[in-house]
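Engineer: What follows is protein22.pdb, made up of PDB, C-alpha atoms:
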```
MODEL        1
ATOM      1  CA  MET A   1     -23.569  -6.193 -34.781
ATOM      2  CA  PRO A   2     -25.123  -3.426 -32.690
ATOM      3  CA  VAL A   3     -28.385  -2.287 -34.273
ATOM      4  CA  LEU A   4     -31.238   0.110 -33.579
ATOM      5  CA  HIS A   5     -34.516  -1.509 -34.579
ATOM      6  CA  ASP A   6     -38.218  -1.849 -33.942
ATOM      7  CA  HIS A   7     -40.063  -5.175 -33.897
ATOM      8  CA  GLY A   8     -41.448  -6.047 -37.316
ATOM      9  CA  GLN A   9     -39.116  -3.693 -39.140
ATOM     10  CA  LEU A  10     -37.746  -4.759 -42.532
ATOM     11  CA  ILE A  11     -34.034  -5.598 -42.457
ATOM     12  CA  SER A  12     -33.498  -2.846 -45.043
ATOM     13  CA  GLN A  13     -34.762  -0.352 -42.452
ATOM     14  CA  VAL A  14     -32.667  -1.548 -39.488
ATOM     15  CA  LYS A  15     -30.004   1.013 -38.621
ATOM     16  CA  ILE A  16     -26.543   0.109 -37.404
ATOM     17  CA  ASN A  17     -25.744   1.692 -34.045
ATOM     18  CA  PRO A  18     -22.967   4.210 -34.772
ATOM     19  CA  SER A  19     -22.106   4.721 -31.097
ATOM     20  CA  VAL A  20     -20.439   1.302 -30.791
ATOM     21  CA  ASP A  21     -17.000   0.614 -32.318
ATOM     22  CA  TRP A  22     -18.029  -2.730 -33.793
ATOM     23  CA  ARG A  23     -15.812  -2.210 -36.860
ATOM     24  CA  GLY A  24     -12.655  -1.834 -34.798
ATOM     25  CA  GLN A  25     -13.595  -4.793 -32.601
ATOM     26  CA  HIS A  26     -14.229  -7.050 -35.617
ATOM     27  CA  VAL A  27     -11.063  -5.966 -37.437
ATOM     28  CA  ARG A  28      -8.869  -6.506 -34.365
ATOM     29  CA  ALA A  29     -10.434  -9.913 -33.653
ATOM     30  CA  PHE A  30     -10.063 -11.077 -37.253
ATOM     31  CA  GLU A  31      -6.445  -9.929 -37.499
ATOM     32  CA  LEU A  32      -5.585 -11.471 -34.127
ATOM     33  CA  ASN A  33      -7.146 -14.823 -35.003
ATOM     34  CA  TYR A  34      -6.275 -15.136 -38.688
ATOM     35  CA  SER A  35      -3.211 -13.063 -39.567
ATOM     36  CA  LYS A  36      -1.099 -16.242 -39.699
ATOM     37  CA  ALA A  37      -3.618 -18.210 -41.782
ATOM     38  CA  PRO A  38      -2.199 -19.417 -45.114
ATOM     39  CA  PHE A  39      -4.432 -17.225 -47.322
ATOM     40  CA  PHE A  40      -4.980 -14.257 -44.997
ATOM     41  CA  ALA A  41      -3.007 -11.832 -47.180
ATOM     42  CA  ALA A  42      -4.938 -12.856 -50.293
ATOM     43  CA  TYR A  43      -8.388 -12.118 -48.812
ATOM     44  CA  TRP A  44      -7.952  -9.657 -45.955
ATOM     45  CA  PRO A  45      -7.736  -6.427 -48.008
ATOM     46  CA  ARG A  46     -11.153  -7.091 -49.597
ATOM     47  CA  LEU A  47     -12.713  -8.279 -46.337
ATOM     48  CA  LYS A  48     -11.329  -5.262 -44.481
ATOM     49  CA  ALA A  49     -12.743  -2.926 -47.138
ATOM     50  CA  LEU A  50     -16.186  -4.149 -46.085
ATOM     51  CA  TYR A  51     -15.455  -2.961 -42.549
ATOM     52  CA  ASP A  52     -13.975   0.319 -43.755
ATOM     53  CA  THR A  53     -17.236   1.293 -45.461
ATOM     54  CA  PRO A  54     -19.452   3.493 -43.250
ATOM     55  CA  TRP A  55     -22.624   1.401 -43.415
ATOM     56  CA  ALA A  56     -25.771   3.017 -42.058
ATOM     57  CA  ARG A  57     -28.163   0.091 -42.464
ATOM     58  CA  LEU A  58     -27.828  -3.605 -41.691
ATOM     59  CA  GLY A  59     -29.442  -4.719 -44.955
ATOM     60  CA  GLU A  60     -26.896  -2.835 -47.060
ATOM     61  CA  LEU A  61     -24.017  -4.397 -45.145
ATOM     62  CA  ASN A  62     -25.520  -7.887 -45.394
ATOM     63  CA  ILE A  63     -26.042  -7.608 -49.154
ATOM     64  CA  ALA A  64     -22.514  -6.294 -49.698
ATOM     65  CA  GLY A  65     -21.101  -9.064 -47.492
ATOM     66  CA  VAL A  66     -22.971 -11.827 -49.319
ATOM     67  CA  ARG A  67     -21.912 -10.443 -52.708
ATOM     68  CA  LEU A  68     -18.289 -10.095 -51.604
ATOM     69  CA  LEU A  69     -18.056 -13.587 -50.112
ATOM     70  CA  ALA A  70     -19.816 -15.169 -53.102
ATOM     71  CA  GLY A  71     -17.352 -13.411 -55.396
ATOM     72  CA  LEU A  72     -14.359 -14.512 -53.328
ATOM     73  CA  LEU A  73     -15.609 -18.098 -53.531
ATOM     74  CA  GLY A  74     -16.047 -17.793 -57.290
ATOM     75  CA  ILE A  75     -19.840 -18.023 -57.222
ATOM     76  CA  THR A  76     -21.292 -16.120 -60.165
ATOM     77  CA  THR A  77     -25.015 -16.711 -59.596
ATOM     78  CA  PRO A  78     -26.880 -13.391 -59.851
ATOM     79  CA  ILE A  79     -28.009 -12.094 -56.464
ATOM     80  CA  MET A  80     -31.202 -10.055 -56.191
ATOM     81  CA  THR A  81     -33.126  -8.706 -53.240
ATOM     82  CA  SER A  82     -36.869  -9.104 -52.870
ATOM     83  CA  SER A  83     -37.208  -5.310 -53.012
ATOM     84  CA  GLN A  84     -35.472  -5.310 -56.428
ATOM     85  CA  MET A  85     -38.096  -7.843 -57.525
ATOM     86  CA  GLY A  86     -40.908  -5.669 -56.178
ATOM     87  CA  ILE A  87     -41.936  -8.285 -53.609
ATOM     88  CA  THR A  88     -43.931  -6.839 -50.715
ATOM     89  CA  THR A  89     -45.746  -9.887 -49.353
ATOM     90  CA  THR A  90     -44.779 -11.734 -46.169
ATOM     91  CA  LYS A  91     -44.166 -15.235 -44.865
ATOM     92  CA  THR A  92     -44.713 -18.168 -47.243
ATOM     93  CA  ARG A  93     -46.558 -15.973 -49.763
ATOM     94  CA  ARG A  94     -43.317 -13.981 -50.016
ATOM     95  CA  LEU A  95     -41.370 -17.160 -50.842
ATOM     96  CA  VAL A  96     -43.954 -18.079 -53.498
ATOM     97  CA  ASP A  97     -43.692 -14.595 -55.025
ATOM     98  CA  ILE A  98     -39.889 -14.738 -55.027
ATOM     99  CA  CYS A  99     -39.966 -18.131 -56.765
ATOM    100  CA  ARG A 100     -42.393 -16.726 -59.356
ATOM    101  CA  ALA A 101     -40.248 -13.627 -59.952
ATOM    102  CA  ALA A 102     -37.129 -15.804 -60.296
ATOM    103  CA  GLY A 103     -38.892 -18.225 -62.616
ATOM    104  CA  CYS A 104     -38.338 -21.292 -60.476
ATOM    105  CA  ASP A 105     -40.589 -24.108 -59.320
ATOM    106  CA  VAL A 106     -38.289 -25.691 -56.709
ATOM    107  CA  TYR A 107     -37.444 -24.071 -53.375
ATOM    108  CA  VAL A 108     -34.564 -25.469 -51.298
ATOM    109  CA  ALA A 109     -35.355 -24.965 -47.617
ATOM    110  CA  GLY A 110     -33.259 -25.400 -44.524
ATOM    111  CA  SER A 111     -33.927 -28.109 -41.969
ATOM    112  CA  GLY A 112     -35.994 -25.734 -39.799
ATOM    113  CA  ALA A 113     -38.414 -24.795 -42.600
ATOM    114  CA  ALA A 114     -41.323 -26.653 -41.007
ATOM    115  CA  ASP A 115     -41.259 -24.055 -38.231
ATOM    116  CA  TYR A 116     -42.030 -21.132 -40.561
ATOM    117  CA  MET A 117     -43.282 -22.389 -43.934
ATOM    118  CA  ASP A 118     -46.710 -23.391 -45.177
ATOM    119  CA  PHE A 119     -45.802 -26.415 -47.312
ATOM    120  CA  ASP A 120     -49.409 -26.793 -48.494
ATOM    121  CA  LEU A 121     -49.408 -23.277 -49.969
ATOM    122  CA  MET A 122     -46.128 -23.968 -51.776
ATOM    123  CA  ARG A 123     -47.577 -27.206 -53.186
ATOM    124  CA  GLN A 124     -50.826 -25.481 -54.231
ATOM    125  CA  GLU A 125     -48.747 -22.894 -56.092
ATOM    126  CA  GLY A 126     -46.861 -25.644 -57.954
ATOM    127  CA  ILE A 127     -43.598 -25.170 -56.088
ATOM    128  CA  THR A 128     -41.737 -28.235 -54.868
ATOM    129  CA  VAL A 129     -39.959 -27.804 -51.537
ATOM    130  CA  GLU A 130     -36.769 -29.771 -51.071
ATOM    131  CA  GLN A 131     -35.483 -29.777 -47.513
ATOM    132  CA  GLN A 132     -31.736 -29.572 -47.213
ATOM    133  CA  THR A 133     -29.883 -31.434 -44.518
ATOM    134  CA  TYR A 134     -26.603 -29.588 -44.185
ATOM    135  CA  VAL A 135     -23.556 -31.712 -43.459
ATOM    136  CA  HIS A 136     -20.686 -29.431 -42.531
ATOM    137  CA  PRO A 137     -17.479 -30.243 -44.400
ATOM    138  CA  VAL A 138     -14.352 -30.665 -42.302
ATOM    139  CA  TYR A 139     -11.530 -28.632 -43.817
ATOM    140  CA  PRO A 140      -8.049 -27.586 -42.750
ATOM    141  CA  GLN A 141      -8.023 -24.837 -40.115
ATOM    142  CA  MET A 142      -4.808 -23.394 -38.756
ATOM    143  CA  TRP A 143      -5.954 -23.863 -35.141
ATOM    144  CA  ALA A 144      -7.158 -27.456 -35.616
ATOM    145  CA  LYS A 145      -4.308 -29.928 -35.783
ATOM    146  CA  THR A 146      -6.629 -32.955 -36.171
ATOM    147  CA  PRO A 147     -10.163 -33.411 -37.605
ATOM    148  CA  GLU A 148     -11.407 -33.882 -34.027
ATOM    149  CA  GLU A 149     -10.236 -30.334 -33.184
ATOM    150  CA  PHE A 150     -12.152 -28.837 -36.136
ATOM    151  CA  PHE A 151     -14.361 -25.828 -35.282
ATOM    152  CA  PRO A 152     -17.578 -26.075 -37.372
ATOM    153  CA  TYR A 153     -20.022 -23.292 -38.316
ATOM    154  CA  MET A 154     -17.446 -20.526 -38.549
ATOM    155  CA  SER A 155     -17.776 -17.746 -41.098
ATOM    156  CA  VAL A 156     -17.009 -18.569 -44.720
ATOM    157  CA  ALA A 157     -14.114 -16.145 -44.186
ATOM    158  CA  ASP A 158     -12.572 -18.863 -41.963
ATOM    159  CA  LEU A 159     -12.794 -21.300 -44.865
ATOM    160  CA  LEU A 160     -11.311 -18.790 -47.321
ATOM    161  CA  VAL A 161      -8.291 -17.671 -45.278
ATOM    162  CA  ASN A 162      -7.489 -21.263 -44.381
ATOM    163  CA  ASN A 163      -8.036 -22.868 -47.809
ATOM    164  CA  GLY A 164      -7.939 -20.187 -50.487
ATOM    165  CA  GLY A 165      -9.044 -21.164 -53.982
ATOM    166  CA  ARG A 166      -9.986 -24.697 -52.873
ATOM    167  CA  SER A 167     -12.816 -23.344 -50.678
ATOM    168  CA  LEU A 168     -15.754 -23.734 -53.064
ATOM    169  CA  ASP A 169     -14.690 -27.253 -54.057
ATOM    170  CA  LEU A 170     -14.455 -28.159 -50.357
ATOM    171  CA  LEU A 171     -17.999 -26.840 -49.809
ATOM    172  CA  ARG A 172     -19.302 -28.739 -52.809
ATOM    173  CA  GLY A 173     -17.610 -31.923 -51.655
ATOM    174  CA  ILE A 174     -15.702 -32.149 -54.928
ATOM    175  CA  ILE A 175     -12.456 -32.459 -53.012
ATOM    176  CA  SER A 176     -11.824 -33.502 -49.447
ATOM    177  CA  ALA A 177      -9.522 -32.012 -46.893
TER     178      ALA A 177
ENDMDL
END
```
Here is the file; what I need is its structure written in the form of structure tokens.
Structural biologist:
Amino acid sequence: MPVLHDHGQLISQVKINPSVDWRGQHVRAFELNYSKAPFFAAYWPRLKALYDTPWARLGELNIAGVRLLAGLLGITTPIMTSSQMGITTTKTRRLVDICRAAGCDVYVAGSGAADYMDFDLMRQEGITVEQQTYVHPVYPQMWAKTPEEFFPYMSVADLLVNNGGRSLDLLRGIISA
């Protein structure tokens, strides 16, 4: 995604570079790679609509993308931004304030959290940090004929166009490929 930004800028302020045809490049690449996927026709119109929108800022596009993909997966959890919550702090204090605004006392962190979080501050504020160890599910992909050929860490769009309505259950480990 070509952007125009300054160091330290909030993601909501980062502008998308309009002089690069990133939309056309993404659309062509997605159609070329996935048009024969089993559920392409079911999801492509809504995914393409995201590209057809003239986004000016990266944050707006990211929020719309997360909401779209969550909806396509069937996830109904409310999604809020820190700016909607009135959060203006930074770093770990920001995470504490988000937890407070959301009314939670457990924060699920990625495996790299130790590199950016102050666990002592979270503990002092009464917030338990649970570190997640992500194990990527192997699911059917049209290009992978065997589990050994599986391409991990693709977009959730890869999961959707290859597996349709089974996608969320595959992610949850409720069903296996």
Engineer: Please list as a list in words every residue within 8 Å of range 85-101 of chain A, counting only C-alpha atoms and excluding residues in the same chain fewer than 2 positions away.
Structural biologist: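 Surrounding residues, per the criterion: Met80, Thr81, Ser82, Ser83, Gly103, Cys104, Asp105, Val106, Tyr107, Tyr116, Met117, Asp118, Leu121, Met122, Glu125 and Ile127 of chain A.
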Engineer: Return the single residue from A:Val135, A:Leu4, A:Val66, A:Pro140 that is closest to Arg172 in chain A, with distances computed using all atoms listed in the file.
Structural biologist: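 With all atoms listed in the file as the atom set, the closest residue is A:Val135.
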Engineer: Please identify all polymer residues within 12 Å of Ala114 in chain A, counting all atoms listed in the file, omitting same-chain residues fewer than 4 positions from it, and present them as a ChimeraX atom specification.
Structural biologist: /A:92,109-110,118-120,129-132
Engineer: Smallest atom-to-atom distance to Lys15 in chain A: which of A:Arg57, A:Lys145, A:Arg123, A:His136, using all atoms listed in the file?
Structural biologist: A:Arg57
Engineer: Can you pull out every residue within 9 Å of Ala157 in chain A, counting only C-alpha atoms, but drop anything in the same chain fewer than 4 positions away, and send it as a list in words?
Structural biologist: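 After dropping sequence-adjacent residues, the list is Tyr43, Leu47, Leu69, Val161 and Asn162 of chain A.
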Engineer: Around all the atoms of range 148-162 of chain A listed in the file, draw an axis-aligned box and extend it by 3 Å on each of the six sides; I want its centre and edge lengths in Å to one decimal, as JSON.
Structural biologist:
```
{"center_x": -13.8, "center_y": -25.0, "center_z": -40.3, "size_x": 18.5, "size_y": 23.7, "size_z": 20.1}
```
Engineer: Going by the chain IDs and residue numbers used in this file, which residues fall under the PyMOL selection byres ((chain A and resi 33) around 12)? Write them as a ChimeraX atom specification.
Structural biologist: /A:26-32,34-37,40,141-143,157-158,161-162
Engineer: Output the residue selection produced by the PyMOL selection byres ((chain A and resi 18) around 12) on the file above, formatted as a PyMOL selection string.
Structural biologist: chain A and resi 1-4+15-17+19-24+54-58
Engineer: Keeping only C-alpha atoms, write the selected residues as an mmCIF file, keeping the file's coordinate frame.
Structural biologist:
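Here's the written file part-v4.cif:
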```cif
data_model
loop_
_atom_site.group_PDB
_atom_site.id
_atom_site.type_symbol
_atom_site.label_atom_id
_atom_site.label_comp_id
_atom_site.auth_asym_id
_atom_site.auth_seq_id
_atom_site.Cartn_x
_atom_site.Cartn_y
_atom_site.Cartn_z
ATOM 1 C CA MET A 1 -23.569 -6.193 -34.781
ATOM 2 C CA PRO A 2 -25.123 -3.426 -32.690
ATOM 3 C CA VAL A 3 -28.385 -2.287 -34.273
ATOM 4 C CA LEU A 4 -31.238 0.110 -33.579
ATOM 5 C CA LYS A 15 -30.004 1.013 -38.621
ATOM 6 C CA ILE A 16 -26.543 0.109 -37.404
ATOM 7 C CA ASN A 17 -25.744 1.692 -34.045
ATOM 8 C CA SER A 19 -22.106 4.721 -31.097
ATOM 9 C CA VAL A 20 -20.439 1.302 -30.791
ATOM 10 C CA ASP A 21 -17.000 0.614 -32.318
ATOM 11 C CA TRP A 22 -18.029 -2.730 -33.793
ATOM 12 C CA ARG A 23 -15.812 -2.210 -36.860
ATOM 13 C CA GLY A 24 -12.655 -1.834 -34.798
ATOM 14 C CA PRO A 54 -19.452 3.493 -43.250
ATOM 15 C CA TRP A 55 -22.624 1.401 -43.415
ATOM 16 C CA ALA A 56 -25.771 3.017 -42.058
ATOM 17 C CA ARG A 57 -28.163 0.091 -42.464
ATOM 18 C CA LEU A 58 -27.828 -3.605 -41.691
#
```
Engineer: For each of A:Thr133, A:Ser12, A:Thr77, A:Asn163, take the minimum atom-to-atom distance to Asn62 in chain A, counting all atoms listed in the file, then give the residue where this is smallest.
Structural biologist: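 Smallest separation from Asn62 in chain A among the options: A:Ser12.
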Engineer: Step by step, work through what the PyMOL selection byres ((chain A and resi 68) around 12) selects in the shown file, and finish by giving those residues as an NGL selection string.
Structural biologist: :A and (43-51 or 61-67 or 69-76 or 79 or 156-157 or 160)
Engineer: What's the separation between CA of Ile11 in chain A and CA of Met154 in chain A, in Å to one decimal place?
Structural biologist: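 Taking CA of Ile11 in chain A and CA of Met154 in chain A, their separation equals 22.7 Å.
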Engineer: Hey, can you check how far CA of Gln124 in chain A sits from CA of Leu10 in chain A?
Structural biologist: 27.2 Å
Engineer: Work out how far apart CA of Gly165 in chain A and CA of Phe39 in chain A are and give it in Å to one decimal.
Structural biologist: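 These atoms are spaced 9.0 Å apart.
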